[in-house]
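Visitor: My structure is below; once you've seen it, I'll send some questions.
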Amino acid sequence: MQSFIIASLNRHPNVRRKGLRNMRYITIEREYGSGGTQIAERLAEKCGIPCFGQEILERASGNLNMTVKSIRDYEEKATNSLMYSIYMLSQMQTGNDVLLSPEAKVYVEEHNVIRNLAREGSAIFLGHCAAEALKEFTDVVSVYIYGNTEEKQERIKKDYGIAENQIAFMERKNNKRRANYFFANTRKKWDDFRNYDVVLNSSRFGIEGCVKILETLL
């Protein structure tokens with residue numbers, strides 16, 4: 001398996017015109033423990049642009065008059081059922097939000113927040129199916145960050161303070177939650193490399209190496 005992949009960039013007309021440079025937005029999905037959050041934050045710092053992750057939840061919670069915890073709970077309830085995905089997406093496409101489930105309303109609001117933030121200028125978006133939210137925008141590159149099991153579990157232990165006997169469980173739980181949420185709202189597999197423009201193995205390149213690669217896109 002390759003450690004660094006650039007794929008399907010021709011689906012963006014602006015990429016054909018400009019090459020790999022001068023993108024305005026980078027969206028990042030990442031495996032739990034891969035260091036994706038650190039990469040996003042470091043990249044934002046180096047490029048002088050904002051990185052939005054937790055902020056998306058905070059703004060959505062304010063708009064919906066809900067707590068951040070409530071929104072996280074609704075995200076947890078997202079199902080990987082294909083029938084649920086088809087129904088939910090059909091309701092959104094018709095503009096019929098009356099029959100949307102609370103989980104779907106959270107998803108819709110998060111995407112409204114992401115689009116509004118994007119209109120303010122260049123940014124990095126972490127999680128929340130941001131690439132889907134920005135699919136009508138130009139100059140967007142979608143990124144997936146993964147890592148080797150040993151390095152990921154060491155980072156989970158060190159950065160999150162997870163007990164040794166809970167590391168594998170937490171890794172599976174968080175990756176499953178992200179995969180289910182992604183599929184429920186996009187009908188795409190979260191860990192399918194073909195759904196992204198750039199795929200990076202953080203174990204191979206390290207945090208700073210990944211930052212340097214992504215920095216060339218902005």
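Identifiers for the structure tokens are assigned positionally: chains receive A, B, ... in sequence, residues are indexed from 1 per chain, and ligands are indexed from 1 in the order shown.
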Need to verify the contact set: segment 117-124 of chain A, 7 Å, only C-alpha atoms, exclusion of same-chain residues closer than 3 positions in sequence. Can you return it as a list in words?
Guide: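 Listed by chain and then number, they are Arg24, Tyr25, Ile26, Thr27, Ala40, Ala44, Ile49, Pro50, Cys51, Phe52, Val113 and Ile114 of chain A.
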Visitor: Take the residues from that selection and write them out as a PDB file, in the first residue's frame, keeping N, CA, C and O atoms.
Guide:
```pdb
ATOM      1  N   ARG A  24      -7.659  26.811  -1.831  1.00  0.00           N
ATOM      2  CA  ARG A  24      -8.075  27.683  -0.728  1.00  0.00           C
ATOM      3  C   ARG A  24      -8.514  26.906   0.505  1.00  0.00           C
ATOM      4  O   ARG A  24      -8.443  27.421   1.613  1.00  0.00           O
ATOM      5  N   TYR A  25      -8.958  25.672   0.294  1.00  0.00           N
ATOM      6  CA  TYR A  25      -9.496  24.891   1.414  1.00  0.00           C
ATOM      7  C   TYR A  25      -8.908  23.481   1.419  1.00  0.00           C
ATOM      8  O   TYR A  25      -8.768  22.855   0.372  1.00  0.00           O
ATOM      9  N   ILE A  26      -8.594  23.025   2.611  1.00  0.00           N
ATOM     10  CA  ILE A  26      -8.205  21.631   2.793  1.00  0.00           C
ATOM     11  C   ILE A  26      -9.138  21.011   3.818  1.00  0.00           C
ATOM     12  O   ILE A  26      -9.346  21.572   4.901  1.00  0.00           O
ATOM     13  N   THR A  27      -9.735  19.897   3.455  1.00  0.00           N
ATOM     14  CA  THR A  27     -10.585  19.163   4.401  1.00  0.00           C
ATOM     15  C   THR A  27      -9.845  17.888   4.797  1.00  0.00           C
ATOM     16  O   THR A  27      -9.236  17.235   3.955  1.00  0.00           O
ATOM     17  N   ALA A  40      -3.378  19.192  11.144  1.00  0.00           N
ATOM     18  CA  ALA A  40      -4.247  20.284  10.719  1.00  0.00           C
ATOM     19  C   ALA A  40      -3.906  21.585  11.445  1.00  0.00           C
ATOM     20  O   ALA A  40      -3.828  22.654  10.828  1.00  0.00           O
ATOM     21  N   ALA A  44      -2.274  24.942   9.745  1.00  0.00           N
ATOM     22  CA  ALA A  44      -2.960  26.234   9.850  1.00  0.00           C
ATOM     23  C   ALA A  44      -2.022  27.298  10.408  1.00  0.00           C
ATOM     24  O   ALA A  44      -1.993  28.442   9.926  1.00  0.00           O
ATOM     25  N   ILE A  49      -3.727  30.548   8.425  1.00  0.00           N
ATOM     26  CA  ILE A  49      -5.172  30.477   8.171  1.00  0.00           C
ATOM     27  C   ILE A  49      -5.825  29.686   9.308  1.00  0.00           C
ATOM     28  O   ILE A  49      -5.152  28.933  10.008  1.00  0.00           O
ATOM     29  N   PRO A  50      -7.128  29.842   9.499  1.00  0.00           N
ATOM     30  CA  PRO A  50      -7.790  29.134  10.604  1.00  0.00           C
ATOM     31  C   PRO A  50      -7.992  27.650  10.335  1.00  0.00           C
ATOM     32  O   PRO A  50      -8.070  27.220   9.185  1.00  0.00           O
ATOM     33  N   CYS A  51      -8.064  26.903  11.425  1.00  0.00           N
ATOM     34  CA  CYS A  51      -8.406  25.481  11.377  1.00  0.00           C
ATOM     35  C   CYS A  51      -9.673  25.296  12.188  1.00  0.00           C
ATOM     36  O   CYS A  51      -9.727  25.684  13.362  1.00  0.00           O
ATOM     37  N   PHE A  52     -10.682  24.731  11.575  1.00  0.00           N
ATOM     38  CA  PHE A  52     -11.968  24.570  12.234  1.00  0.00           C
ATOM     39  C   PHE A  52     -12.283  23.099  12.455  1.00  0.00           C
ATOM     40  O   PHE A  52     -12.292  22.302  11.527  1.00  0.00           O
ATOM     41  N   VAL A 113     -22.677  25.724   8.781  1.00  0.00           N
ATOM     42  CA  VAL A 113     -21.570  26.390   9.480  1.00  0.00           C
ATOM     43  C   VAL A 113     -20.297  26.310   8.642  1.00  0.00           C
ATOM     44  O   VAL A 113     -19.591  27.316   8.472  1.00  0.00           O
ATOM     45  N   ILE A 114     -19.991  25.126   8.117  1.00  0.00           N
ATOM     46  CA  ILE A 114     -18.777  24.947   7.320  1.00  0.00           C
ATOM     47  C   ILE A 114     -18.788  25.854   6.097  1.00  0.00           C
ATOM     48  O   ILE A 114     -17.795  26.522   5.779  1.00  0.00           O
TER      49      ILE A 114
END
```
Visitor: Excluding Gly33 of chain A and any residue of its chain fewer than 6 positions from it, enumerate the residues within 7 Å of it, using only C-alpha atoms, and give them as a list of chain:residue names.
Guide: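 My reading of the contact set: A:Lys152, A:Gln153, A:Arg155, A:Ile156.
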Visitor: Residues of the last selection are to be written out with N, CA, C and O atoms, as a short mmCIF file (atom, residue, chain, number, x, y, z; two decimals), in the first residue's frame.
Guide:
```cif
data_model
loop_
_atom_site.label_atom_id
_atom_site.label_comp_id
_atom_site.auth_asym_id
_atom_site.auth_seq_id
_atom_site.Cartn_x
_atom_site.Cartn_y
_atom_site.Cartn_z
N LYS A 152 0.04 4.59 16.04
CA LYS A 152 -1.23 5.19 16.46
C LYS A 152 -1.52 4.88 17.92
O LYS A 152 -1.94 5.77 18.69
N GLN A 153 -1.32 3.66 18.32
CA GLN A 153 -1.64 3.28 19.70
C GLN A 153 -0.70 3.95 20.69
O GLN A 153 -1.10 4.29 21.80
N ARG A 155 0.54 6.95 20.25
CA ARG A 155 0.06 8.33 20.33
C ARG A 155 -1.21 8.41 21.17
O ARG A 155 -1.39 9.36 21.94
N ILE A 156 -2.08 7.44 21.04
CA ILE A 156 -3.31 7.42 21.84
C ILE A 156 -2.97 7.35 23.32
O ILE A 156 -3.56 8.06 24.16
#
```
Visitor: Nearest to Phe125 of chain A among A:Met170, A:Leu217, A:Val140, A:Val211, with distances taken over only C-alpha atoms: which residue is it?
Guide: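 Looking only at the distances to Phe125 of chain A, the closest residue turns out to be A:Val140.
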Visitor: Record the distance separating atom CA of Glu215 of chain A and atom CA of Gly36 of chain A, expressed in Å with one decimal.
Guide: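 About the pair atom CA of Glu215 of chain A and atom CA of Gly36 of chain A: they are 14.2 Å apart.
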Visitor: Which residue, A:Cys47, A:Val143, A:Ile213, A:Val68, has the smallest gap to Arg194 of chain A when you use only C-alpha atoms?
Guide: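 Smallest distance to Arg194 of chain A is found for A:Val143.
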Visitor: Nearest residue to Arg204 of chain A out of A:Glu76, A:Tyr146, A:Gln166, A:Ala184, using only C-alpha atoms?
Guide: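 Counting only C-alpha atoms, the residue closest to Arg204 of chain A is A:Tyr146.
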Visitor: Between A:Asp192, A:Ile39, A:Val106, A:Val199, single out the one closest to Met66 of chain A, counting only C-alpha atoms.
Guide: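 When distances to Met66 of chain A are compared using only C-alpha atoms, the smallest one comes from A:Val106.
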Visitor: Write out as a list in words the set of residues from segment 9-213 of chain A that DSSP, computed on the backbone, places in strand (DSSP E or B).
Guide: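 So, restricting segment 9-213 of chain A to strand (DSSP E or B), we get Tyr25, Ile26, Thr27, Ile28, Glu29, Arg30, Cys51, Phe52, Ala123, Ile124, Phe125, Leu126, Val140, Val141, Ser142, Val143, Tyr144, Ile145, Tyr146, Val198, Val199, Leu200 and Asn201 of chain A.
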Visitor: Do you have the atom CA of Asp139 of chain A-atom CA of Asn22 of chain A distance handy?
Guide: 7.4 Å
Visitor: Check segment 30-81 of chain A with DSSP on the backbone and list each residue it calls alpha helix (DSSP H), as a ChimeraX atom specification.
Guide: /A:36-47,54-64,68-77
Visitor: Of the candidates A:Gly161, A:Gly147, A:Gly48, A:Gly62, which shows the shortest atom-to-atom distance to Ser34 of chain A, using only C-alpha atoms?
Guide: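 Result for the nearest residue to Ser34 of chain A: A:Gly147.
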Visitor: Residues at most 9 Å from Trp190 of chain A, counting only C-alpha atoms, excluding those fewer than 3 positions away in the same chain, as an mmCIF file with N, CA, C and O atoms, in the first residue's frame?
Guide:
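Dumped everything to result-v5.cif:
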```cif
data_model
loop_
_atom_site.group_PDB
_atom_site.id
_atom_site.type_symbol
_atom_site.label_atom_id
_atom_site.label_comp_id
_atom_site.auth_asym_id
_atom_site.auth_seq_id
_atom_site.Cartn_x
_atom_site.Cartn_y
_atom_site.Cartn_z
ATOM 1 N N GLU A 29 -10.034 14.231 6.925
ATOM 2 C CA GLU A 29 -10.595 13.131 7.704
ATOM 3 C C GLU A 29 -9.408 12.307 8.175
ATOM 4 O O GLU A 29 -8.394 12.207 7.466
ATOM 5 N N TYR A 144 -7.088 12.405 3.548
ATOM 6 C CA TYR A 144 -7.312 11.348 4.535
ATOM 7 C C TYR A 144 -5.963 10.982 5.139
ATOM 8 O O TYR A 144 -5.000 10.739 4.417
ATOM 9 N N ARG A 178 -16.687 7.466 13.459
ATOM 10 C CA ARG A 178 -16.404 8.333 12.322
ATOM 11 C C ARG A 178 -16.861 7.698 11.002
ATOM 12 O O ARG A 178 -17.422 8.380 10.141
ATOM 13 N N ALA A 179 -16.616 6.402 10.879
ATOM 14 C CA ALA A 179 -17.011 5.711 9.647
ATOM 15 C C ALA A 179 -18.532 5.689 9.487
ATOM 16 O O ALA A 179 -19.056 5.916 8.397
ATOM 17 N N ASN A 180 -19.241 5.410 10.572
ATOM 18 C CA ASN A 180 -20.702 5.361 10.518
ATOM 19 C C ASN A 180 -21.290 6.719 10.173
ATOM 20 O O ASN A 180 -22.211 6.832 9.359
ATOM 21 N N TYR A 181 -20.767 7.759 10.808
ATOM 22 C CA TYR A 181 -21.276 9.116 10.558
ATOM 23 C C TYR A 181 -21.018 9.510 9.108
ATOM 24 O O TYR A 181 -21.886 10.088 8.442
ATOM 25 N N PHE A 182 -19.842 9.195 8.616
ATOM 26 C CA PHE A 182 -19.475 9.542 7.246
ATOM 27 C C PHE A 182 -20.377 8.826 6.249
ATOM 28 O O PHE A 182 -20.904 9.434 5.313
ATOM 29 N N PHE A 183 -20.578 7.524 6.454
ATOM 30 C CA PHE A 183 -21.409 6.759 5.525
ATOM 31 C C PHE A 183 -22.874 7.185 5.599
ATOM 32 O O PHE A 183 -23.553 7.309 4.573
ATOM 33 N N PHE A 193 -9.749 5.010 0.181
ATOM 34 C CA PHE A 193 -8.830 6.026 -0.313
ATOM 35 C C PHE A 193 -9.337 6.714 -1.579
ATOM 36 O O PHE A 193 -8.948 7.846 -1.878
ATOM 37 N N ASN A 195 -12.032 8.005 -2.133
ATOM 38 C CA ASN A 195 -12.913 9.130 -1.841
ATOM 39 C C ASN A 195 -12.153 10.410 -1.508
ATOM 40 O O ASN A 195 -12.767 11.413 -1.154
#
```
Visitor: What is the atom CA of Tyr196 of chain A to atom CA of Glu41 of chain A distance in Å?
Guide: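 Between these atoms lies a distance of 19.7 Å.
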